[in-house]
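> Let me give you the structure first, and then I'll get to my questions.
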2 protein chains.
Amino acid sequence: MLDIRVEKTTSPKPIPDKDNPLVFGTIFTDHMFVMDYEEGKGWYDPRIVPYAPISLEPSAMVFHYGQEMFEGLKAYKTEDGRTLLFRPDKNIERANNSNRRLCIPELNPEDFLQAIKAVVKMDEAWIPTKEGTSLYIRPFVIATDPFLGVRPSNTYKFMIILSPVGAYYPEGLNPVKIWIEDEYVRAVKGGIGEAKTGGNYVASLASQVKAHDEGYSQVLWLDGVHRKYIEEVGAMNIFFKINGTVVTPKLNGSILPGVTRNSCIALCREWGLPVEERQISVDEILEAAKSGAMEEVWGTGTAAVISPVGALRFEEEVMQIQDGGIGPVSHKLYDTVTGIQTGKIDDFMNWTVEVR
Amino acid sequence: MLDIRVEKTTSPKPIPDKDNPLVFGTIFTDHMFVMDYEEGKGWYDPRIVPYAPISLEPSAMVFHYGQEMFEGLKAYKTEDGRTLLFRPDKNIERANNSNRRLCIPELNPEDFLQAIKAVVKMDEAWIPTKEGTSLYIRPFVIATDPFLGVRPSNTYKFMIILSPVGAYYPEGLNPVKIWIEDEYVRAVKGGIGEAKTGGNYVASLASQVKAHDEGYSQVLWLDGVHRKYIEEVGAMNIFFKINGTVVTPKLNGSILPGVTRNSCIALCREWGLPVEERQISVDEILEAAKSGAMEEVWGTGTAAVISPVGALRFEEEVMQIQDGGIGPVSHKLYDTVTGIQTGKIDDFMNWTVEVR
């Protein structure tokens, strides 16, 4: 149990109009959670303070050696005024898995949850209520030793910042067009692909820029060894419905284990849909699209929740999915996941945690 | 040509005793170079200011998405009082190669060199003179947009900081023991391995910690596809002398193109030694070590210059090299490179640039 020190802001910012569509990740609330770490001392000085810039040495290791971990989850306001978190235990578990891979000290899971709840409670008034909006929660850890040289840092900063958000993709639930990448690689088995860390995202930028220039909004990665098997979309995991079976790449060490991915698999199984987590080659996708066996394609992620995919392009081939519309399973998953998240439907999976 | 604004420190720090062995990367000089970037405006406000912490939004993209690039080079003081840089054009060229891969805006090479010279000149008194010491120069760029979401940043900060340094390895020219890694992977073709960026270094930490625990000071990486071919040491490139021929892995897209690597190849060729840049399997290394064909092994890097390797371990096999001593080629390379760098021998390769 953390003894969280609280310093309230003396100059609160105006809360954005709840009916305005919010651009993702640009506005931050009045407060943030901060806790420091020092080798031999452990995590110390947990505090909620006014949201403000932080000061670091130019030699701080995070600027040079990429020792940084982040998570992303959301808080929702129900119609009866309760504040719900969606499966925070899964994010906390993944954060510590990332920390181990990145040689960052682990965080006590109970303390982590307490910190999320405390800072969300503090800025509860910022949670937007319009359909499709939520309060995005960004916990992250950065290495702060003022030292040039490659070794794990001895000091860290753990922070949680909050941002009221609208849809991640401006398209909303409209299907996105996805570019299957054949030149660049995001991650490889034995690397850091299953950790949520900056290095995986910067690796994806060059491809993303190329795809955007061609009119595609996201990149689908192939494995780094065979350049043949489907991995993930960087900001999302990917699902296919082929001949009545839901298929998604199995977690192989280079794919991020998404919380929404896990939730969609559980829901499909709950509904009696066959689900396979397995290796999927790009050739299988091409064939299924050509033969008409490909019924639906969608991405899953905390930011976008469910993102129907209307077209896939691999090299010179463009595959249209569902005539560019939204499939019934993607739609049911979206309605169910967001329904549970916002308290509109009964939480029959026991996934939500109330912030009291 | 940059119009560099200069703000001198009003409280200069004491300069470390030049005869004291300096720990690498812990002490920084009185000043730093800073220049900002904004989309549409380009790089602006080049300035030399007192070395001090920098202030960033907690949402600054560098903390979350790893968009960061760094370089490392050194300045040396000659016996007759001149200040020399070693092949800065190579670092500047590599910086822009990294920038392109990381979607960071490029820097004008002439401006970059001018900035290095200006800040080194300002803190020239900090260049240590004892054998094996130098002024380490760390240029780096970080993404500063206060934005959560995956895209290239629209704003950046370019900084150059300076640190008087001793030997990178406490062992000095004594041979290091190297662990050949068979579990983790540093980088893969199509990824960011040839860019100098944090993501590659954080990926190496878990293996480095494991190797240290076993008494090995560095990790030698195998390729991410076949897990079979020698790549590099993370902080160094690697060279073998087998049956009279100098062999080093060729640049394949996942290896950092080292400036010291390039210099050693050029010197060996100048001396009439056969040099091969090619694929080298770990099996070939094992066999050469067993048969006695392996004459020398050494690493090359800016920080350590030349680092003789006394032992290599792969899985359960330990290969002793040169009875754990320093080989003649490694020794001659060290003497020649450091001789040119410090002005002790004639710069017959035309590699040094004087700071006037």
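Going by the structure tokens order, chains are called A, B, ..., each with residues numbered from 1, while ligands are numbered from 1 in the order shown.
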Could you give me chain A least-squares fitted onto chain B (all C-alpha atoms, paired in order), as a CSV table (one decimal) with C-alpha atoms, in the first residue's frame?

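Written file, out06.csv:
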```
chain,number,residue,atom,x,y,z
A,1,MET,CA,27.2,28.5,-41.7
A,2,LEU,CA,25.4,28.6,-38.4
A,3,ASP,CA,25.1,31.9,-36.5
A,4,ILE,CA,25.8,30.3,-33.0
A,5,ARG,CA,24.6,32.3,-30.1
A,6,VAL,CA,26.9,31.9,-27.0
A,7,GLU,CA,25.9,32.1,-23.4
A,8,LYS,CA,28.9,31.4,-21.2
A,9,THR,CA,28.6,29.8,-17.8
A,10,THR,CA,28.9,32.2,-14.8
A,11,SER,CA,29.8,29.3,-12.4
A,12,PRO,CA,32.5,27.2,-14.1
A,13,LYS,CA,33.0,23.7,-12.5
A,14,PRO,CA,36.4,22.5,-11.4
A,15,ILE,CA,38.2,20.6,-14.2
A,16,PRO,CA,39.1,17.1,-13.1
A,17,ASP,CA,42.8,16.4,-12.3
A,18,LYS,CA,44.3,15.4,-15.6
A,19,ASP,CA,46.4,12.6,-14.0
A,20,ASN,CA,43.5,11.0,-12.4
A,21,PRO,CA,42.0,8.0,-14.2
A,22,LEU,CA,38.6,9.2,-15.4
A,23,VAL,CA,35.6,6.9,-15.3
A,24,PHE,CA,33.8,6.8,-18.7
A,25,GLY,CA,30.7,9.0,-19.2
A,26,THR,CA,30.2,10.4,-15.7
A,27,ILE,CA,31.6,14.0,-15.8
A,28,PHE,CA,30.4,16.7,-18.2
A,29,THR,CA,32.0,20.0,-19.2
A,30,ASP,CA,30.7,23.5,-18.6
A,31,HIS,CA,28.8,24.0,-21.9
A,32,MET,CA,26.7,22.2,-24.4
A,33,PHE,CA,25.5,22.9,-27.9
A,34,VAL,CA,21.7,23.0,-28.5
A,35,MET,CA,19.6,23.5,-31.7
A,36,ASP,CA,15.8,23.1,-32.1
A,37,TYR,CA,13.8,21.8,-35.0
A,38,GLU,CA,10.2,22.5,-36.0
A,39,GLU,CA,8.4,21.2,-39.0
A,40,GLY,CA,8.2,23.9,-41.7
A,41,LYS,CA,10.8,26.0,-40.0
A,42,GLY,CA,13.8,23.6,-40.0
A,43,TRP,CA,16.7,23.7,-37.5
A,44,TYR,CA,16.8,27.0,-35.6
A,45,ASP,CA,18.4,28.8,-32.7
A,46,PRO,CA,21.9,27.2,-32.6
A,47,ARG,CA,23.4,28.1,-29.3
A,48,ILE,CA,26.2,27.2,-26.8
A,49,VAL,CA,24.8,27.4,-23.3
A,50,PRO,CA,25.9,26.3,-19.8
A,51,TYR,CA,25.5,22.5,-19.4
A,52,ALA,CA,22.2,22.1,-17.5
A,53,PRO,CA,19.2,19.9,-17.2
A,54,ILE,CA,16.6,20.2,-20.0
A,55,SER,CA,12.8,20.4,-19.4
A,56,LEU,CA,10.4,18.3,-21.4
A,57,GLU,CA,6.7,17.5,-21.3
A,58,PRO,CA,6.0,14.0,-19.8
A,59,SER,CA,4.3,13.3,-23.1
A,60,ALA,CA,7.4,14.1,-25.1
A,61,MET,CA,7.6,11.4,-27.8
A,62,VAL,CA,11.2,10.4,-27.0
A,63,PHE,CA,10.0,8.9,-23.7
A,64,HIS,CA,7.4,6.7,-25.4
A,65,TYR,CA,8.3,5.9,-29.0
A,66,GLY,CA,12.1,5.8,-28.9
A,67,GLN,CA,12.7,8.4,-31.6
A,68,GLU,CA,16.3,9.2,-30.7
A,69,MET,CA,19.7,9.1,-32.5
A,70,PHE,CA,23.2,9.5,-31.1
A,71,GLU,CA,26.8,9.6,-32.2
A,72,GLY,CA,30.1,9.3,-30.4
A,73,LEU,CA,33.5,10.7,-31.3
A,74,LYS,CA,36.5,12.1,-29.5
A,75,ALA,CA,38.7,15.1,-29.3
A,76,TYR,CA,42.4,14.8,-28.4
A,77,LYS,CA,45.1,17.2,-27.2
A,78,THR,CA,48.4,16.9,-29.0
A,79,GLU,CA,51.7,17.4,-27.2
A,80,ASP,CA,52.2,20.7,-29.0
A,81,GLY,CA,48.8,21.9,-27.8
A,82,ARG,CA,46.6,21.4,-30.9
A,83,THR,CA,43.1,19.9,-30.6
A,84,LEU,CA,42.3,17.1,-33.0
A,85,LEU,CA,39.0,15.4,-34.0
A,86,PHE,CA,39.2,11.9,-35.6
A,87,ARG,CA,37.2,11.5,-38.8
A,88,PRO,CA,34.2,13.6,-37.7
A,89,ASP,CA,32.9,13.4,-41.3
A,90,LYS,CA,32.2,9.7,-40.9
A,91,ASN,CA,30.2,10.3,-37.7
A,92,ILE,CA,28.2,13.0,-39.4
A,93,GLU,CA,27.5,10.9,-42.4
A,94,ARG,CA,26.4,8.0,-40.2
A,95,ALA,CA,24.2,10.3,-38.1
A,96,ASN,CA,22.3,11.3,-41.2
A,97,ASN,CA,22.0,7.7,-42.2
A,98,SER,CA,20.5,6.9,-38.8
A,99,ASN,CA,18.2,10.0,-39.0
A,100,ARG,CA,16.8,8.8,-42.3
A,101,ARG,CA,16.0,5.3,-40.9
A,102,LEU,CA,14.4,6.9,-37.8
A,103,CYS,CA,12.4,9.5,-39.7
A,104,ILE,CA,14.4,12.3,-37.9
A,105,PRO,CA,15.2,15.4,-40.0
A,106,GLU,CA,18.7,15.4,-41.4
A,107,LEU,CA,21.4,17.9,-40.2
A,108,ASN,CA,23.5,19.9,-42.6
A,109,PRO,CA,26.9,18.2,-42.5
A,110,GLU,CA,28.9,21.5,-42.5
A,111,ASP,CA,26.7,23.0,-39.7
A,112,PHE,CA,27.1,19.8,-37.7
A,113,LEU,CA,30.9,20.0,-38.0
A,114,GLN,CA,30.9,23.7,-37.1
A,115,ALA,CA,28.8,22.9,-34.0
A,116,ILE,CA,31.2,20.2,-32.8
A,117,LYS,CA,34.2,22.5,-33.4
A,118,ALA,CA,32.5,25.4,-31.6
A,119,VAL,CA,31.5,23.6,-28.5
A,120,VAL,CA,34.8,21.7,-28.3
A,121,LYS,CA,36.7,25.0,-28.7
A,122,MET,CA,34.7,26.5,-25.9
A,123,ASP,CA,35.6,23.7,-23.4
A,124,GLU,CA,39.0,23.0,-24.8
A,125,ALA,CA,40.6,23.3,-21.3
A,126,TRP,CA,38.6,20.2,-20.3
A,127,ILE,CA,40.5,17.9,-22.8
A,128,PRO,CA,42.5,15.5,-20.6
A,129,THR,CA,46.1,14.8,-21.7
A,130,LYS,CA,47.1,11.6,-19.9
A,131,GLU,CA,47.8,8.5,-22.1
A,132,GLY,CA,44.5,6.9,-23.0
A,133,THR,CA,42.3,9.8,-22.1
A,134,SER,CA,40.3,12.1,-24.4
A,135,LEU,CA,37.2,14.4,-24.6
A,136,TYR,CA,34.3,12.2,-25.6
A,137,ILE,CA,31.8,14.1,-27.8
A,138,ARG,CA,28.2,13.0,-27.7
A,139,PRO,CA,25.9,14.5,-30.3
A,140,PHE,CA,22.3,13.4,-30.1
A,141,VAL,CA,18.8,14.2,-31.3
A,142,ILE,CA,15.5,13.6,-29.4
A,143,ALA,CA,11.9,13.8,-30.5
A,144,THR,CA,10.0,16.4,-28.4
A,145,ASP,CA,6.4,16.6,-29.6
A,146,PRO,CA,4.0,16.4,-26.6
A,147,PHE,CA,1.9,13.8,-28.3
A,148,LEU,CA,0.8,10.2,-27.6
A,149,GLY,CA,0.4,8.3,-30.9
A,150,VAL,CA,2.8,6.6,-33.3
A,151,ARG,CA,4.1,9.0,-36.0
A,152,PRO,CA,7.3,10.9,-36.6
A,153,SER,CA,7.6,13.9,-34.3
A,154,ASN,CA,7.3,17.4,-35.7
A,155,THR,CA,9.8,18.9,-33.2
A,156,TYR,CA,13.3,17.8,-32.2
A,157,LYS,CA,16.2,18.9,-30.1
A,158,PHE,CA,19.8,18.4,-31.3
A,159,MET,CA,22.4,18.6,-28.5
A,160,ILE,CA,26.2,18.0,-28.2
A,161,ILE,CA,27.5,17.3,-24.7
A,162,LEU,CA,31.2,16.7,-23.8
A,163,SER,CA,32.7,14.3,-21.3
A,164,PRO,CA,36.4,14.0,-20.4
A,165,VAL,CA,37.0,10.2,-20.3
A,166,GLY,CA,39.6,7.5,-19.5
A,167,ALA,CA,39.5,4.0,-20.8
A,168,TYR,CA,36.0,2.6,-21.7
A,169,TYR,CA,36.8,-0.8,-20.2
A,170,PRO,CA,38.4,-0.8,-16.8
A,171,GLU,CA,40.6,-3.6,-18.1
A,172,GLY,CA,42.4,-1.1,-20.4
A,173,LEU,CA,44.3,-2.8,-23.2
A,174,ASN,CA,44.1,-6.1,-21.3
A,175,PRO,CA,42.1,-8.7,-23.2
A,176,VAL,CA,38.3,-8.9,-22.5
A,177,LYS,CA,36.3,-12.0,-22.3
A,178,ILE,CA,33.3,-12.2,-24.6
A,179,TRP,CA,30.1,-14.1,-24.4
A,180,ILE,CA,28.5,-15.3,-27.7
A,181,GLU,CA,24.8,-15.0,-27.2
A,182,ASP,CA,22.4,-17.8,-28.4
A,183,GLU,CA,19.1,-16.7,-26.8
A,184,TYR,CA,18.6,-13.0,-27.3
A,185,VAL,CA,18.9,-11.1,-30.6
A,186,ARG,CA,20.1,-7.5,-30.9
A,187,ALA,CA,18.8,-6.6,-34.4
A,188,VAL,CA,17.7,-8.1,-37.7
A,189,LYS,CA,17.9,-7.2,-41.3
A,190,GLY,CA,15.1,-4.7,-42.2
A,191,GLY,CA,15.2,-3.4,-38.6
A,192,ILE,CA,17.2,-0.6,-37.0
A,193,GLY,CA,20.4,-2.4,-36.3
A,194,GLU,CA,22.6,-0.2,-38.5
A,195,ALA,CA,21.2,3.0,-37.0
A,196,LYS,CA,22.8,4.4,-33.8
A,197,THR,CA,19.6,4.5,-31.7
A,198,GLY,CA,18.5,3.6,-28.2
A,199,GLY,CA,16.3,0.6,-29.2
A,200,ASN,CA,19.4,-1.4,-30.2
A,201,TYR,CA,21.1,-0.8,-26.8
A,202,VAL,CA,18.1,-1.6,-24.6
A,203,ALA,CA,17.7,-4.8,-26.5
A,204,SER,CA,21.2,-5.8,-25.5
A,205,LEU,CA,20.9,-5.3,-21.7
A,206,ALA,CA,19.3,-8.6,-20.6
A,207,SER,CA,22.1,-10.5,-22.3
A,208,GLN,CA,24.8,-8.2,-21.0
A,209,VAL,CA,23.6,-8.8,-17.4
A,210,LYS,CA,23.6,-12.5,-18.0
A,211,ALA,CA,27.1,-12.4,-19.4
A,212,HIS,CA,28.4,-10.2,-16.6
A,213,ASP,CA,27.0,-12.7,-14.1
A,214,GLU,CA,29.1,-15.4,-15.8
A,215,GLY,CA,32.2,-13.2,-15.7
A,216,TYR,CA,32.1,-12.0,-19.3
A,217,SER,CA,32.4,-8.3,-20.0
A,218,GLN,CA,30.8,-8.0,-23.5
A,219,VAL,CA,28.3,-9.9,-25.6
A,220,LEU,CA,28.9,-11.0,-29.2
A,221,TRP,CA,25.6,-11.1,-31.2
A,222,LEU,CA,24.6,-13.6,-33.8
A,223,ASP,CA,22.3,-12.7,-36.7
A,224,GLY,CA,18.6,-12.8,-36.0
A,225,VAL,CA,17.6,-14.9,-38.9
A,226,HIS,CA,19.9,-18.0,-38.8
A,227,ARG,CA,21.2,-17.5,-35.3
A,228,LYS,CA,24.5,-18.6,-36.8
A,229,TYR,CA,26.5,-15.7,-38.3
A,230,ILE,CA,28.6,-13.3,-36.3
A,231,GLU,CA,27.4,-9.7,-36.1
A,232,GLU,CA,28.9,-7.3,-33.6
A,233,VAL,CA,29.5,-6.6,-29.9
A,234,GLY,CA,27.0,-3.8,-29.3
A,235,ALA,CA,29.6,-1.3,-28.3
A,236,MET,CA,32.2,-2.6,-30.8
A,237,ASN,CA,32.6,-4.3,-34.2
A,238,ILE,CA,34.6,-7.5,-34.1
A,239,PHE,CA,37.7,-8.7,-36.1
A,240,PHE,CA,39.4,-12.1,-36.3
A,241,LYS,CA,42.8,-13.0,-37.7
A,242,ILE,CA,42.6,-16.5,-39.1
A,243,ASN,CA,45.6,-18.1,-40.8
A,244,GLY,CA,47.1,-14.7,-41.6
A,245,THR,CA,43.9,-13.1,-43.0
A,246,VAL,CA,41.9,-10.4,-41.2
A,247,VAL,CA,38.2,-11.2,-41.3
A,248,THR,CA,35.3,-9.1,-40.1
A,249,PRO,CA,31.5,-9.4,-40.7
A,250,LYS,CA,30.4,-7.5,-43.7
A,251,LEU,CA,27.9,-4.6,-43.3
A,252,ASN,CA,24.6,-6.4,-43.9
A,253,GLY,CA,22.0,-3.8,-42.6
A,254,SER,CA,21.9,-5.1,-39.0
A,255,ILE,CA,25.5,-4.2,-38.0
A,256,LEU,CA,26.6,-0.7,-37.0
A,257,PRO,CA,29.1,0.7,-39.5
A,258,GLY,CA,31.8,1.6,-37.1
A,259,VAL,CA,34.3,4.4,-37.8
A,260,THR,CA,37.1,2.5,-36.0
A,261,ARG,CA,36.1,-0.6,-38.0
A,262,ASN,CA,36.5,1.3,-41.2
A,263,SER,CA,39.8,2.8,-40.1
A,264,CYS,CA,41.2,-0.7,-39.1
A,265,ILE,CA,40.3,-2.2,-42.4
A,266,ALA,CA,42.0,0.7,-44.2
A,267,LEU,CA,45.1,0.4,-42.1
A,268,CYS,CA,45.4,-3.4,-42.5
A,269,ARG,CA,45.1,-3.0,-46.3
A,270,GLU,CA,47.6,-0.2,-46.2
A,271,TRP,CA,50.0,-2.6,-44.4
A,272,GLY,CA,49.4,-5.3,-47.1
A,273,LEU,CA,47.4,-7.6,-44.8
A,274,PRO,CA,44.6,-9.5,-46.6
A,275,VAL,CA,41.2,-8.3,-45.2
A,276,GLU,CA,37.9,-10.0,-45.9
A,277,GLU,CA,34.5,-8.5,-45.1
A,278,ARG,CA,32.2,-11.5,-45.3
A,279,GLN,CA,29.7,-13.7,-43.5
A,280,ILE,CA,31.4,-15.6,-40.7
A,281,SER,CA,29.6,-18.5,-38.9
A,282,VAL,CA,30.1,-19.2,-35.3
A,283,ASP,CA,31.1,-22.7,-36.3
A,284,GLU,CA,34.0,-21.3,-38.3
A,285,ILE,CA,35.2,-19.4,-35.3
A,286,LEU,CA,34.9,-22.5,-33.1
A,287,GLU,CA,36.9,-24.6,-35.6
A,288,ALA,CA,39.6,-21.9,-36.1
A,289,ALA,CA,40.0,-21.7,-32.3
A,290,LYS,CA,40.3,-25.4,-32.0
A,291,SER,CA,42.7,-26.0,-34.9
A,292,GLY,CA,45.0,-23.2,-33.8
A,293,ALA,CA,44.2,-21.2,-37.0
A,294,MET,CA,42.8,-18.3,-34.9
A,295,GLU,CA,45.7,-16.0,-34.3
A,296,GLU,CA,43.9,-12.9,-32.9
A,297,VAL,CA,40.5,-11.5,-32.0
A,298,TRP,CA,39.8,-7.8,-31.2
A,299,GLY,CA,36.9,-5.4,-31.0
A,300,THR,CA,36.9,-1.9,-32.5
A,301,GLY,CA,34.9,1.1,-31.3
A,302,THR,CA,35.2,4.8,-30.6
A,303,ALA,CA,35.0,4.4,-26.8
A,304,ALA,CA,37.5,1.6,-26.4
A,305,VAL,CA,39.4,2.1,-29.8
A,306,ILE,CA,40.9,-1.4,-29.9
A,307,SER,CA,39.9,-4.1,-27.4
A,308,PRO,CA,41.9,-7.3,-27.6
A,309,VAL,CA,39.7,-10.4,-26.9
A,310,GLY,CA,41.3,-13.1,-24.7
A,311,ALA,CA,38.4,-15.6,-24.5
A,312,LEU,CA,35.2,-16.3,-26.3
A,313,ARG,CA,32.4,-18.5,-24.8
A,314,PHE,CA,29.7,-20.1,-26.9
A,315,GLU,CA,27.2,-22.3,-25.0
A,316,GLU,CA,29.4,-24.6,-23.0
A,317,GLU,CA,32.6,-24.1,-25.0
A,318,VAL,CA,35.3,-21.6,-23.9
A,319,MET,CA,37.9,-20.6,-26.5
A,320,GLN,CA,41.1,-19.1,-25.3
A,321,ILE,CA,42.7,-16.7,-27.8
A,322,GLN,CA,46.5,-15.9,-27.9
A,323,ASP,CA,46.9,-17.5,-24.5
A,324,GLY,CA,44.9,-14.6,-23.2
A,325,GLY,CA,47.5,-12.0,-24.3
A,326,ILE,CA,47.5,-9.2,-26.9
A,327,GLY,CA,48.3,-10.1,-30.5
A,328,PRO,CA,50.7,-8.1,-32.7
A,329,VAL,CA,48.1,-6.8,-35.2
A,330,SER,CA,45.7,-5.6,-32.4
A,331,HIS,CA,48.7,-3.9,-30.8
A,332,LYS,CA,49.9,-2.2,-34.0
A,333,LEU,CA,46.3,-1.1,-34.7
A,334,TYR,CA,46.0,0.4,-31.3
A,335,ASP,CA,49.3,2.2,-31.5
A,336,THR,CA,48.6,3.5,-34.9
A,337,VAL,CA,45.0,4.7,-34.4
A,338,THR,CA,45.7,6.3,-31.1
A,339,GLY,CA,49.0,7.7,-32.4
A,340,ILE,CA,47.2,9.4,-35.3
A,341,GLN,CA,44.4,10.6,-33.0
A,342,THR,CA,46.8,12.2,-30.5
A,343,GLY,CA,49.2,13.6,-33.1
A,344,LYS,CA,52.0,11.3,-31.9
A,345,ILE,CA,52.6,9.9,-35.3
A,346,ASP,CA,52.2,11.4,-38.7
A,347,ASP,CA,48.6,11.4,-40.0
A,348,PHE,CA,49.4,9.5,-43.2
A,349,MET,CA,45.8,8.6,-43.7
A,350,ASN,CA,44.6,12.3,-43.5
A,351,TRP,CA,42.0,11.4,-40.8
A,352,THR,CA,42.4,14.2,-38.3
A,353,VAL,CA,40.7,17.6,-38.3
A,354,GLU,CA,42.1,20.3,-36.2
A,355,VAL,CA,39.8,22.5,-34.1
A,356,ARG,CA,41.1,26.1,-34.4
```
> Please return, as a ChimeraX atom specification, all residues of stretch 84-290 of chain A that DSSP assigns to alpha helix (DSSP H) on the basis of the backbone.
/A:88-101,109-122,198-213,259-270,282-290
> Just list the residues in stretch 135-269 of chain B DSSP gives strand (DSSP E) on the backbone, as a PyMOL selection string.
chain B and resi 135-143+155-165+176-180+218-220+237-242+245-249
> Selection from above, C-alpha atoms, as a compact mmCIF listing (two decimals), in the first residue's frame, can you write it?

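Dumped everything to part38.txt:
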```
# COMPACT_ATOMS: atom_id res chain seq x y z
CA LEU B 135 37.24 14.34 -24.58
CA TYR B 136 34.26 12.22 -25.57
CA ILE B 137 31.78 14.09 -27.79
CA ARG B 138 28.14 12.96 -27.71
CA PRO B 139 25.87 14.53 -30.33
CA PHE B 140 22.25 13.37 -30.11
CA VAL B 141 18.74 14.17 -31.33
CA ILE B 142 15.51 13.55 -29.42
CA ALA B 143 11.84 13.83 -30.48
CA THR B 155 9.77 18.92 -33.22
CA TYR B 156 13.26 17.82 -32.16
CA LYS B 157 16.19 18.90 -30.05
CA PHE B 158 19.80 18.40 -31.26
CA MET B 159 22.41 18.58 -28.53
CA ILE B 160 26.14 18.02 -28.18
CA ILE B 161 27.52 17.27 -24.73
CA LEU B 162 31.17 16.66 -23.79
CA SER B 163 32.73 14.33 -21.25
CA PRO B 164 36.44 13.96 -20.37
CA VAL B 165 37.04 10.21 -20.35
CA VAL B 176 38.32 -8.84 -22.51
CA LYS B 177 36.25 -12.01 -22.26
CA ILE B 178 33.32 -12.18 -24.64
CA TRP B 179 30.06 -14.13 -24.42
CA ILE B 180 28.53 -15.31 -27.72
CA GLN B 218 30.76 -8.06 -23.44
CA VAL B 219 28.27 -9.90 -25.64
CA LEU B 220 28.90 -10.98 -29.23
CA ASN B 237 32.66 -4.29 -34.17
CA ILE B 238 34.62 -7.54 -34.14
CA PHE B 239 37.72 -8.71 -36.05
CA PHE B 240 39.39 -12.12 -36.31
CA LYS B 241 42.82 -12.98 -37.68
CA ILE B 242 42.60 -16.49 -39.07
CA THR B 245 43.89 -13.15 -42.96
CA VAL B 246 41.94 -10.43 -41.15
CA VAL B 247 38.23 -11.25 -41.25
CA THR B 248 35.28 -9.12 -40.10
CA PRO B 249 31.53 -9.42 -40.69
```
